[in-house]
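**Q** Once you've had a glance at the structure underneath, I'll fire off some questions.
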Amino acid sequence: MQRRCQVHRDLWREREGSEIGQGTHPWWPAGTARAAPGSPGSSMWSVCWLPVLTQLLLLRFLVAQPVSPIRVFVVPHSHMDVGWIYTVQESLRAYAANVYTTVVEQLMLQKQRRFIAVEQEYFRLWWDGIASYRQKRQVRHLLATRRLEFVIGGQVMHDETVAHFDDQILQLTEGHGFLYETFGIRPRFSWQIDSFGASATTPTLFALAGFHAHVISRIDYALKDTMQNSQGLQFVWRGSPTLSAQQEIFTHVLDQYNYCSEGFNWDGTAVFPNSPPDRVFHPKSVPITWNNINYYVSLLVDNVKERATWFRTPHLLWPWGCDKQFFNASLQFSNMDPLLDFINSNSSKLGISVEYATLADYFEAVQAHNASWRVHTHGDFLPYSSDPFQAWTGFYASRSGLKALARRASALLYAGESMFTRYMWPAPHQHLDPAWALKQLQRLRWAVSEVQHHDAITGTQSPKVRDMHEENLSSGMQGVQELMASIVRDRTPAHSDQEPVGHSAVVYNPLAWTVTTIVTLTVGFSRVSVTDESGQQVAAQIQESKKTQSAYDLHVLTTIPGLSYRYYSIRSTEGTQEETNQLGASLARTSNFGRKKKTPARPRDRHLIHVENDCYTVFLDRDTNLLHSIWERGSNRTVQVTQEFMEYHANADLKYGFVSDNFVFMPIDSAKSPWNSVGMQIVAGKLMTEIRQYFYRKVGDRNHTYAIYSRLAHVPLAQGAELLCRRIEQEYRVGPLELNREAILRTSTSLHNKQVLHSDNNGYQMQRRVFQKYSSNGIARNYYPMAQSAFIEDGRSRLVLLSKQAHGVSSQENGQVEVMLHRRLWNNFDWALDYDLTLNDTSTVYPVLWLLLGPQSLTTRLRQRCGLALQRAPVVLLRELNESAQIFPGSQRQQEAVTLPPSLHLQILSIPGWNYSSNHTEHLQDLQKRHRGKAKADLRRVLLRLHHLYEEGEDPVLSQPVRVNLQAAPDLTQHPCKAPRSPSTRRKSGHFLSTFVAMSPWQTLWPQGGPRNPRKRKTTQNMEKHGGMGDEQLSA
């Protein structure tokens, strides 16, 4: 979407129905009517007046021209946000369906016309529910003749900052799977032109997906100016420091004109909620006539010659389109056709030639020029600022609740996929309908893919679009929960109809290694007995709930092998562990500490109390009820650590300057403390201790606005619980906020990090962030996205923050790291008010961070696995337990556990449902035979993707390549696999992704040549679970 004019207080570049600078040229003829095809406003009449206008117009171009004219590739496109202001269904009715209907019609009329289609969601809805059989045949013809091209090919144009790379891969796989199954094609180019900044993860993933080139646009304004002036907008991007040249991609940055072609959009403004009954739209640009052709030629030629100086080859990519364009493609092409004809008939004098093109046409021409290109290493292009006062860093924390829900949905989908896949092998059980089960997974895949859009997970949409995403996610989650519950019911004895006496809990571990953790349930009784599937008592702890009155939090210690589950019976009893002298639910003791007013800093001789386990001792200051310091056992070092909530204040009135909004962070001043007193409770038990700190705005307030709940587990390191012992789990309560407040958690330490921060790119790899000195807006421009983790360090210790959802993060002072948790904003900008885009978020949110403290070697080893333990936590399925219901040893039909090496992660194990031949030629032949209908889903094809977690040289042991025996892959699916050749493959270090699947949409041969350094590449391999191992992918 086109947003935010960068000129002073005109903050938005595009207003619905009101284009600045269009349709108001003083000498445009008044009352010019729209030209219909075949009328004097179309290309059929151009020959009548071309000679006269040529003599008049070309006088201004009689200067020396280059020997070879500039070759302009006009790339028609429509940017169709999957949500933002309007919901998907509203947009589909108002314009999106018409884009495909009219574009297909117009491309069929003239062979020279081209169009690129980007996001798949609208196309799939059009294809499945609107397109006629004739239109579908036309689409296939246009694809075969290269007049229509799919680029990116994902479900959406995903966000690159706060989206997790697992979910980016999911949405890309969803779109690519549809395209390959339906048309037998794979996209070769990206078009990431509206994501708010460019991550280094994206070029790596696109290179792994077999893309030839990568197109981006939104990078820092000053950097783009520099790149334009030095002809540096094109380069080879090596996004991964370890994969480096093995996974590099040619990258093209759109120039300052971005992806819109202002002044050349004739099809009008989309009307919401429905298109006009008479299908007549008011044009944005004045239609071309014999009176104004000279203006349009001058406009295009001048624009081309300005932009051509910014590139090294005589080829110019000229995007033609903008937001919600081409819904009346007849008007678009009937006006542009004569303009291109006129220019080409005078190419030698004008110095340019123009042609409709796809990205393939453009990049093939660039490749043929045989130029050498600068190499850009693994650094990203974040944060994104569109001018000195417009730092697009606020959205890192916008709509925190939606960000959390999206991650929970992703985690549930991940668990449901592997549980269903394991359930289906070697053969499904009779009580579950596999088609119904796959439908539940597909619904959640769609919803999770959809919310990765750059106006969804970012929180930059209108409230009704937010509601759409929340409804789709919640509905999809409910279906997958029902699926998982059905699988569990199919594997456990039936219950009687007697009254419930407690609960039965099934805890499923979706990770491919053994996990020891504490799961928390809410129960209505304080005396509890917990037994496992063998009838043995289980270590558990009961305490008063921190959120719900008259309820209790039950904490259960569990150890679960990989891709397995444990069964627990939870019953009310007459006593506790102390009374019965049995191993059961111990009752935690609560110590209350009175509220402490905020006081100025005092000398170091404080009154400290401590909470400890086998890894840490946490010291708390009784004079303030705040955290004081942490002693870490491994390094025998005490680090000063204090935590408090702060708030940035935002301007609400445009008369007084710039404002913060959904996208932009623009604080008035440094952060202020919003609280005046702190209360504290320490809930101590045998299994864990919880520290509860409550922050009150005023001393006499009854209710707190902020809270920190910190947990330390009391588990021995020797029992395989290192990840549990070495983390300090924190959950926060934030809100409701006062208006125009942006809430942060500031952690101040004695670590001398010199304001150097490390934060992750999409949970995939870390980036080093050095604090930059700016003359203005320095606070906001030093914020970065934290999709999953961040850390600060000095020469001895590192403090790691692991997050369950995305946030903004910064190190504003030495030893500090602050995380933006929540935002509530309002301003008086009319356009934002009209579309309810002021971010007046009144919710209360509960973000989660885990803290790791220790030497660099220790935290390096633990960070990735601990982050996965947080992101992919065990799933708990509860149901009522009857008196006669028993869980007998051996009664559960559970498969063998799965344990991958510690450096490998099972990134996905699923049954996609694709149905096509593994032979590409046969698949294309099958499409010709059955394109009238849809193939039945193949439930015996499995998608398995492995991920090496460590960078090269990051750890002396864990960074080493790992050899995986593919004959052991049946352990994941319990199905024999016949390998016709060597059954092992080596997993390279450095976040290498390996995909095993029969004809996966990611199973793409590396392109022959391409405009990048022709280096040999490591590639993915394929394995058919029903037919053995496929051919290894080879380098070009």
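In the structure tokens, chains take the letters A, B, ... in the order shown, each chain's residues start at 1, and ligands count up from 1 in the order shown.
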Residues at most 12 Å from Met468 of chain A, counting only C-alpha atoms, excluding those fewer than 2 positions away in the same chain, as a PyMOL selection string?
**A** chain A and resi 82-90+402+447+450-451+456+461-466+470-475
**Q** For N, CA, C and O atoms, I'd like the residues from the last selection saved as an mmCIF file, in the first residue's frame.
**A**
data_model
loop_
_atom_site.group_PDB
_atom_site.id
_atom_site.type_symbol
_atom_site.label_atom_id
_atom_site.label_comp_id
_atom_site.auth_asym_id
_atom_site.auth_seq_id
_atom_site.Cartn_x
_atom_site.Cartn_y
_atom_site.Cartn_z
ATOM 1 N N VAL A 82 -3.959 -8.004 1.272
ATOM 2 C CA VAL A 82 -4.859 -9.015 1.837
ATOM 3 C C VAL A 82 -5.272 -8.518 3.221
ATOM 4 O O VAL A 82 -4.757 -8.949 4.249
ATOM 5 N N GLY A 83 -6.225 -7.570 3.212
ATOM 6 C CA GLY A 83 -6.559 -6.839 4.422
ATOM 7 C C GLY A 83 -5.752 -5.548 4.465
ATOM 8 O O GLY A 83 -4.848 -5.321 3.672
ATOM 9 N N TRP A 84 -6.107 -4.681 5.289
ATOM 10 C CA TRP A 84 -5.524 -3.407 5.699
ATOM 11 C C TRP A 84 -6.676 -2.541 6.164
ATOM 12 O O TRP A 84 -7.065 -2.589 7.318
ATOM 13 N N ILE A 85 -7.278 -1.793 5.221
ATOM 14 C CA ILE A 85 -8.444 -0.997 5.598
ATOM 15 C C ILE A 85 -9.715 -1.844 5.498
ATOM 16 O O ILE A 85 -10.597 -1.774 6.343
ATOM 17 N N TYR A 86 -9.776 -2.657 4.434
ATOM 18 C CA TYR A 86 -10.967 -3.454 4.159
ATOM 19 C C TYR A 86 -10.655 -4.935 4.329
ATOM 20 O O TYR A 86 -9.525 -5.382 4.132
ATOM 21 N N THR A 87 -11.681 -5.701 4.656
ATOM 22 C CA THR A 87 -11.506 -7.139 4.808
ATOM 23 C C THR A 87 -11.283 -7.787 3.444
ATOM 24 O O THR A 87 -11.493 -7.173 2.389
ATOM 25 N N VAL A 88 -10.887 -9.034 3.467
ATOM 26 C CA VAL A 88 -10.641 -9.766 2.230
ATOM 27 C C VAL A 88 -11.909 -9.853 1.392
ATOM 28 O O VAL A 88 -11.888 -9.621 0.176
ATOM 29 N N GLN A 89 -13.024 -10.163 2.007
ATOM 30 C CA GLN A 89 -14.269 -10.290 1.247
ATOM 31 C C GLN A 89 -14.724 -8.949 0.694
ATOM 32 O O GLN A 89 -15.239 -8.881 -0.433
ATOM 33 N N GLU A 90 -14.560 -7.871 1.458
ATOM 34 C CA GLU A 90 -14.904 -6.547 0.942
ATOM 35 C C GLU A 90 -14.047 -6.196 -0.274
ATOM 36 O O GLU A 90 -14.552 -5.685 -1.281
ATOM 37 N N LEU A 402 -2.926 -9.433 18.787
ATOM 38 C CA LEU A 402 -2.994 -10.168 17.527
ATOM 39 C C LEU A 402 -1.676 -10.884 17.258
ATOM 40 O O LEU A 402 -1.664 -12.028 16.777
ATOM 41 N N ALA A 447 -5.381 -19.555 7.542
ATOM 42 C CA ALA A 447 -5.468 -18.418 8.458
ATOM 43 C C ALA A 447 -4.092 -17.958 8.913
ATOM 44 O O ALA A 447 -3.819 -16.751 8.988
ATOM 45 N N GLU A 450 -2.405 -16.263 5.969
ATOM 46 C CA GLU A 450 -3.032 -14.967 5.704
ATOM 47 C C GLU A 450 -2.524 -13.893 6.658
ATOM 48 O O GLU A 450 -2.267 -12.754 6.258
ATOM 49 N N VAL A 451 -2.351 -14.246 7.923
ATOM 50 C CA VAL A 451 -1.983 -13.238 8.918
ATOM 51 C C VAL A 451 -0.508 -12.856 8.828
ATOM 52 O O VAL A 451 -0.072 -11.928 9.513
ATOM 53 N N ALA A 456 -0.941 -7.347 8.487
ATOM 54 C CA ALA A 456 -1.689 -8.204 9.400
ATOM 55 C C ALA A 456 -0.881 -8.442 10.669
ATOM 56 O O ALA A 456 -1.160 -7.847 11.711
ATOM 57 N N GLN A 461 -3.498 -2.708 10.567
ATOM 58 C CA GLN A 461 -4.777 -2.732 9.880
ATOM 59 C C GLN A 461 -5.871 -2.022 10.683
ATOM 60 O O GLN A 461 -5.671 -1.625 11.827
ATOM 61 N N SER A 462 -7.025 -1.890 10.056
ATOM 62 C CA SER A 462 -8.188 -1.328 10.736
ATOM 63 C C SER A 462 -8.759 -2.356 11.714
ATOM 64 O O SER A 462 -8.497 -3.559 11.581
ATOM 65 N N PRO A 463 -9.558 -1.924 12.686
ATOM 66 C CA PRO A 463 -10.123 -2.878 13.646
ATOM 67 C C PRO A 463 -10.940 -3.988 13.009
ATOM 68 O O PRO A 463 -10.898 -5.131 13.465
ATOM 69 N N LYS A 464 -11.698 -3.683 11.958
ATOM 70 C CA LYS A 464 -12.514 -4.750 11.374
ATOM 71 C C LYS A 464 -11.657 -5.788 10.659
ATOM 72 O O LYS A 464 -12.025 -6.973 10.612
ATOM 73 N N VAL A 465 -10.522 -5.383 10.116
ATOM 74 C CA VAL A 465 -9.615 -6.360 9.520
ATOM 75 C C VAL A 465 -8.928 -7.171 10.614
ATOM 76 O O VAL A 465 -8.744 -8.386 10.475
ATOM 77 N N ARG A 466 -8.565 -6.512 11.715
ATOM 78 C CA ARG A 466 -8.038 -7.262 12.867
ATOM 79 C C ARG A 466 -9.039 -8.312 13.314
ATOM 80 O O ARG A 466 -8.682 -9.466 13.579
ATOM 81 N N GLU A 470 -8.540 -12.368 13.624
ATOM 82 C CA GLU A 470 -8.751 -13.065 14.894
ATOM 83 C C GLU A 470 -9.820 -14.143 14.752
ATOM 84 O O GLU A 470 -9.688 -15.240 15.303
ATOM 85 N N GLU A 471 -10.878 -13.848 14.023
ATOM 86 C CA GLU A 471 -11.936 -14.836 13.815
ATOM 87 C C GLU A 471 -11.418 -16.027 13.016
ATOM 88 O O GLU A 471 -11.683 -17.184 13.356
ATOM 89 N N ASN A 472 -10.668 -15.753 11.955
ATOM 90 C CA ASN A 472 -10.140 -16.843 11.138
ATOM 91 C C ASN A 472 -9.154 -17.700 11.922
ATOM 92 O O ASN A 472 -9.160 -18.935 11.813
ATOM 93 N N LEU A 473 -8.283 -17.065 12.708
ATOM 94 C CA LEU A 473 -7.326 -17.819 13.511
ATOM 95 C C LEU A 473 -8.028 -18.641 14.576
ATOM 96 O O LEU A 473 -7.729 -19.828 14.769
ATOM 97 N N SER A 474 -8.969 -18.025 15.284
ATOM 98 C CA SER A 474 -9.671 -18.728 16.368
ATOM 99 C C SER A 474 -10.477 -19.905 15.831
ATOM 100 O O SER A 474 -10.486 -20.993 16.422
ATOM 101 N N SER A 475 -11.144 -19.685 14.709
ATOM 102 C CA SER A 475 -11.922 -20.769 14.114
ATOM 103 C C SER A 475 -11.018 -21.907 13.663
ATOM 104 O O SER A 475 -11.326 -23.094 13.883
#
**Q** Using only C-alpha atoms, which residues sit within 6 Å of segment 195-208 of chain A once same-chain residues fewer than 6 positions away are excluded, as number ranges by chain?
**A** A: 159-160, 218-219, 239, 247, 249, 378, 380-382, 384, 454
**Q** Can you write out the residues you just picked, keeping all heavy atoms, as a short mmCIF file (atom, residue, chain, number, x, y, z; two decimals), in the first residue's frame?
**A**
data_model
loop_
_atom_site.label_atom_id
_atom_site.label_comp_id
_atom_site.auth_asym_id
_atom_site.auth_seq_id
_atom_site.Cartn_x
_atom_site.Cartn_y
_atom_site.Cartn_z
N ASP A 159 5.17 -10.07 5.70
CA ASP A 159 6.00 -9.12 6.44
C ASP A 159 7.39 -9.71 6.62
O ASP A 159 7.56 -10.93 6.74
CB ASP A 159 5.37 -8.85 7.81
CG ASP A 159 6.32 -8.15 8.74
OD1 ASP A 159 6.65 -6.99 8.48
OD2 ASP A 159 6.76 -8.79 9.72
N GLU A 160 8.40 -8.84 6.67
CA GLU A 160 9.78 -9.30 6.80
C GLU A 160 10.40 -8.96 8.16
O GLU A 160 11.59 -9.25 8.36
CB GLU A 160 10.65 -8.70 5.69
CG GLU A 160 10.27 -9.13 4.30
CD GLU A 160 11.31 -8.75 3.26
OE1 GLU A 160 12.52 -8.82 3.58
OE2 GLU A 160 10.92 -8.34 2.15
N ARG A 218 11.16 -0.85 0.15
CA ARG A 218 11.16 0.00 1.34
C ARG A 218 12.42 -0.20 2.17
O ARG A 218 12.49 -1.09 3.02
CB ARG A 218 9.91 -0.25 2.17
CG ARG A 218 8.62 0.19 1.49
CD ARG A 218 7.45 0.15 2.48
NE ARG A 218 6.19 0.48 1.86
CZ ARG A 218 5.70 1.71 1.73
NH1 ARG A 218 6.42 2.74 2.17
NH2 ARG A 218 4.53 1.92 1.18
N ILE A 219 13.42 0.62 1.89
CA ILE A 219 14.62 0.67 2.72
C ILE A 219 14.80 2.12 3.15
O ILE A 219 14.12 3.03 2.66
CB ILE A 219 15.86 0.15 1.97
CG1 ILE A 219 16.20 1.05 0.80
CG2 ILE A 219 15.65 -1.28 1.50
CD1 ILE A 219 17.51 0.69 0.11
N GLY A 239 22.41 -13.50 2.03
CA GLY A 239 21.68 -13.22 3.25
C GLY A 239 22.16 -13.96 4.47
O GLY A 239 21.97 -13.50 5.59
N GLN A 247 23.93 -19.69 -1.18
CA GLN A 247 22.53 -19.28 -1.30
C GLN A 247 22.48 -17.76 -1.43
O GLN A 247 22.12 -17.05 -0.50
CB GLN A 247 21.72 -19.75 -0.08
CG GLN A 247 21.71 -21.24 0.14
CD GLN A 247 21.08 -22.00 -1.02
OE1 GLN A 247 20.37 -21.41 -1.83
NE2 GLN A 247 21.33 -23.29 -1.10
N ILE A 249 21.38 -14.32 -4.03
CA ILE A 249 20.33 -14.00 -4.99
C ILE A 249 20.54 -12.59 -5.51
O ILE A 249 20.93 -11.67 -4.76
CB ILE A 249 18.93 -14.16 -4.35
CG1 ILE A 249 17.84 -14.09 -5.42
CG2 ILE A 249 18.70 -13.14 -3.25
CD1 ILE A 249 16.47 -14.55 -4.91
N HIS A 378 25.50 -10.37 4.73
CA HIS A 378 24.28 -10.81 5.39
C HIS A 378 23.55 -9.72 6.16
O HIS A 378 22.52 -10.00 6.78
CB HIS A 378 24.59 -11.97 6.34
CG HIS A 378 25.49 -11.58 7.48
ND1 HIS A 378 26.85 -11.48 7.36
CD2 HIS A 378 25.21 -11.26 8.77
CE1 HIS A 378 27.37 -11.13 8.52
NE2 HIS A 378 26.41 -10.99 9.38
N ASP A 380 20.99 -6.73 7.04
CA ASP A 380 19.65 -6.45 6.55
C ASP A 380 19.47 -4.96 6.28
O ASP A 380 20.42 -4.17 6.40
CB ASP A 380 18.59 -6.96 7.53
CG ASP A 380 18.73 -6.33 8.92
OD1 ASP A 380 19.40 -5.27 9.06
OD2 ASP A 380 18.18 -6.88 9.88
N PHE A 381 18.27 -4.56 5.91
CA PHE A 381 17.93 -3.16 5.68
C PHE A 381 16.85 -2.74 6.68
O PHE A 381 15.71 -2.46 6.32
CB PHE A 381 17.46 -2.94 4.24
CG PHE A 381 18.54 -3.19 3.21
CD1 PHE A 381 18.61 -4.40 2.55
CD2 PHE A 381 19.47 -2.21 2.91
CE1 PHE A 381 19.60 -4.63 1.60
CE2 PHE A 381 20.46 -2.42 1.97
CZ PHE A 381 20.53 -3.64 1.31
N LEU A 382 17.24 -2.75 7.93
CA LEU A 382 16.34 -2.39 9.02
C LEU A 382 17.07 -1.46 9.98
O LEU A 382 18.29 -1.56 10.14
CB LEU A 382 15.88 -3.64 9.78
CG LEU A 382 14.99 -4.60 9.00
CD1 LEU A 382 14.81 -5.90 9.78
CD2 LEU A 382 13.64 -3.98 8.70
N TYR A 384 13.41 0.70 8.84
CA TYR A 384 13.00 1.48 7.68
C TYR A 384 12.51 2.85 8.13
O TYR A 384 11.61 2.94 8.96
CB TYR A 384 11.90 0.73 6.93
CG TYR A 384 11.15 1.56 5.90
CD1 TYR A 384 11.83 2.23 4.87
CD2 TYR A 384 9.76 1.66 5.96
CE1 TYR A 384 11.13 2.97 3.93
CE2 TYR A 384 9.06 2.40 5.02
CZ TYR A 384 9.74 3.05 4.02
OH TYR A 384 9.06 3.80 3.09
N HIS A 454 1.85 -8.20 5.29
CA HIS A 454 2.58 -7.07 5.87
C HIS A 454 1.66 -6.01 6.48
O HIS A 454 2.16 -5.01 7.00
CB HIS A 454 3.51 -6.44 4.82
CG HIS A 454 2.81 -6.00 3.58
ND1 HIS A 454 2.61 -6.82 2.50
CD2 HIS A 454 2.25 -4.81 3.23
CE1 HIS A 454 1.98 -6.18 1.55
NE2 HIS A 454 1.75 -4.94 1.97
#
**Q** Give me, please, the distance in Å between atom CA of Phe395 of chain A and atom CA of Gln730 of chain A, quoted to one decimal.
**A** 22.9 Å
**Q** Write out as a list of chain:residue names the residues lying within 9 Å of Val354 of chain A, counting only C-alpha atoms and excluding same-chain residues fewer than 3 positions away.
**A** A:Ile70, A:Arg71, A:Val72, A:Phe73, A:Val74, A:Leu340, A:Asp341, A:Ile343, A:Asn344, A:Ser347
**Q** Export, as a short mmCIF file (atom, residue, chain, number, x, y, z; two decimals), in the first residue's frame, the selected residues with N, CA, C and O atoms.
**A**
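Heads up, here's the output in selection34.cif:
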data_model
loop_
_atom_site.label_atom_id
_atom_site.label_comp_id
_atom_site.auth_asym_id
_atom_site.auth_seq_id
_atom_site.Cartn_x
_atom_site.Cartn_y
_atom_site.Cartn_z
N ILE A 70 17.34 3.67 -24.22
CA ILE A 70 17.01 3.02 -22.97
C ILE A 70 15.85 2.07 -23.22
O ILE A 70 14.81 2.46 -23.77
N ARG A 71 16.01 0.84 -22.82
CA ARG A 71 14.96 -0.15 -23.01
C ARG A 71 14.11 -0.21 -21.74
O ARG A 71 14.59 -0.60 -20.67
N VAL A 72 12.87 0.21 -21.87
CA VAL A 72 11.98 0.33 -20.71
C VAL A 72 11.04 -0.86 -20.66
O VAL A 72 10.33 -1.15 -21.64
N PHE A 73 11.04 -1.54 -19.53
CA PHE A 73 10.17 -2.70 -19.32
C PHE A 73 9.00 -2.26 -18.45
O PHE A 73 9.15 -2.09 -17.23
N VAL A 74 7.87 -2.05 -19.07
CA VAL A 74 6.66 -1.62 -18.37
C VAL A 74 6.00 -2.87 -17.80
O VAL A 74 5.51 -3.72 -18.55
N LEU A 340 2.56 3.81 -25.78
CA LEU A 340 3.75 3.01 -26.09
C LEU A 340 3.99 2.98 -27.60
O LEU A 340 5.15 3.04 -28.05
N ASP A 341 2.91 2.89 -28.38
CA ASP A 341 3.07 2.89 -29.84
C ASP A 341 3.74 4.19 -30.32
O ASP A 341 4.63 4.18 -31.18
N ILE A 343 5.68 6.28 -28.65
CA ILE A 343 7.08 6.37 -28.24
C ILE A 343 7.96 5.46 -29.09
O ILE A 343 9.04 5.86 -29.55
N ASN A 344 7.50 4.24 -29.32
CA ASN A 344 8.31 3.30 -30.10
C ASN A 344 8.45 3.73 -31.56
O ASN A 344 9.47 3.46 -32.20
N SER A 347 11.38 6.12 -31.36
CA SER A 347 12.36 5.66 -30.38
C SER A 347 13.73 6.30 -30.57
O SER A 347 14.37 6.73 -29.61
#
**Q** Give the helix (DSSP H, G or I) residues of segment 458-590 of chain A, as DSSP finds them on the backbone, and put them as a ChimeraX atom specification.
**A** /A:463-491,577-580
**Q** Could you turn the residues from that selection into a file that holds C-alpha atoms, as a PDB file, in the first residue's frame?
**A**
ATOM      1  CA  PRO A 463     -10.123  -2.878  13.646  1.00  0.00           C
ATOM      2  CA  LYS A 464     -12.514  -4.750  11.374  1.00  0.00           C
ATOM      3  CA  VAL A 465      -9.615  -6.360   9.520  1.00  0.00           C
ATOM      4  CA  ARG A 466      -8.038  -7.262  12.867  1.00  0.00           C
ATOM      5  CA  ASP A 467     -11.351  -8.872  13.826  1.00  0.00           C
ATOM      6  CA  MET A 468     -11.318 -10.823  10.562  1.00  0.00           C
ATOM      7  CA  HIS A 469      -7.874 -12.235  11.301  1.00  0.00           C
ATOM      8  CA  GLU A 470      -8.751 -13.065  14.894  1.00  0.00           C
ATOM      9  CA  GLU A 471     -11.936 -14.836  13.815  1.00  0.00           C
ATOM     10  CA  ASN A 472     -10.140 -16.843  11.138  1.00  0.00           C
ATOM     11  CA  LEU A 473      -7.326 -17.819  13.511  1.00  0.00           C
ATOM     12  CA  SER A 474      -9.671 -18.728  16.368  1.00  0.00           C
ATOM     13  CA  SER A 475     -11.922 -20.769  14.114  1.00  0.00           C
ATOM     14  CA  GLY A 476      -8.961 -22.600  12.618  1.00  0.00           C
ATOM     15  CA  MET A 477      -7.488 -23.276  16.048  1.00  0.00           C
ATOM     16  CA  GLN A 478     -10.768 -24.710  17.271  1.00  0.00           C
ATOM     17  CA  GLY A 479     -10.825 -27.137  14.359  1.00  0.00           C
ATOM     18  CA  VAL A 480      -7.261 -28.336  14.961  1.00  0.00           C
ATOM     19  CA  GLN A 481      -7.927 -28.700  18.683  1.00  0.00           C
ATOM     20  CA  GLU A 482     -10.913 -30.878  17.834  1.00  0.00           C
ATOM     21  CA  LEU A 483      -8.718 -32.911  15.495  1.00  0.00           C
ATOM     22  CA  MET A 484      -6.043 -33.464  18.135  1.00  0.00           C
ATOM     23  CA  ALA A 485      -8.691 -34.357  20.712  1.00  0.00           C
ATOM     24  CA  SER A 486     -10.177 -36.871  18.254  1.00  0.00           C
ATOM     25  CA  ILE A 487      -6.786 -38.500  17.765  1.00  0.00           C
ATOM     26  CA  VAL A 488      -6.309 -38.735  21.507  1.00  0.00           C
ATOM     27  CA  ARG A 489      -9.801 -40.212  22.000  1.00  0.00           C
ATOM     28  CA  ASP A 490      -9.065 -42.780  19.336  1.00  0.00           C
ATOM     29  CA  ARG A 491      -6.020 -43.938  21.302  1.00  0.00           C
ATOM     30  CA  GLN A 577       1.672 -34.088  49.842  1.00  0.00           C
ATOM     31  CA  GLU A 578       2.698 -32.861  53.291  1.00  0.00           C
ATOM     32  CA  GLU A 579      -0.324 -34.487  54.930  1.00  0.00           C
ATOM     33  CA  THR A 580      -0.238 -37.821  53.108  1.00  0.00           C
TER      34      THR A 580
END
**Q** May I ask which of the residues A:Pro69, A:Pro847, A:Gly657, A:Gly815 is the closest one to Thr313 of chain A, counting only C-alpha atoms?
**A** A:Pro69
**Q** Show which residues sit within 10 Å of Val366 of chain A, as a list in words. Count only C-alpha atoms, and ignore same-chain residues fewer than 2 positions away.
**A** Arg312, Thr313, Pro314, His315, Leu316, Ala360, Asp361, Tyr362, Phe363, Glu364, Ala368, His369, Asn370, Ala371, Gly1010 and Pro1011 of chain A
**Q** Just list the residues in segment 228-427 of chain A DSSP gives strand (DSSP E or B) on the backbone, as a ChimeraX atom specification.
**A** /A:234-238,248-253,315-320,323,352-356,375-376,381,385-387,390-391
**Q** Restricting the calculation to only C-alpha atoms, which member of A:Val845, A:Lys804, A:Gln390, A:Met666 is positioned closest to Thr705 of chain A?
**A**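 For Thr705 of chain A, the nearest of the candidates is A:Val845.
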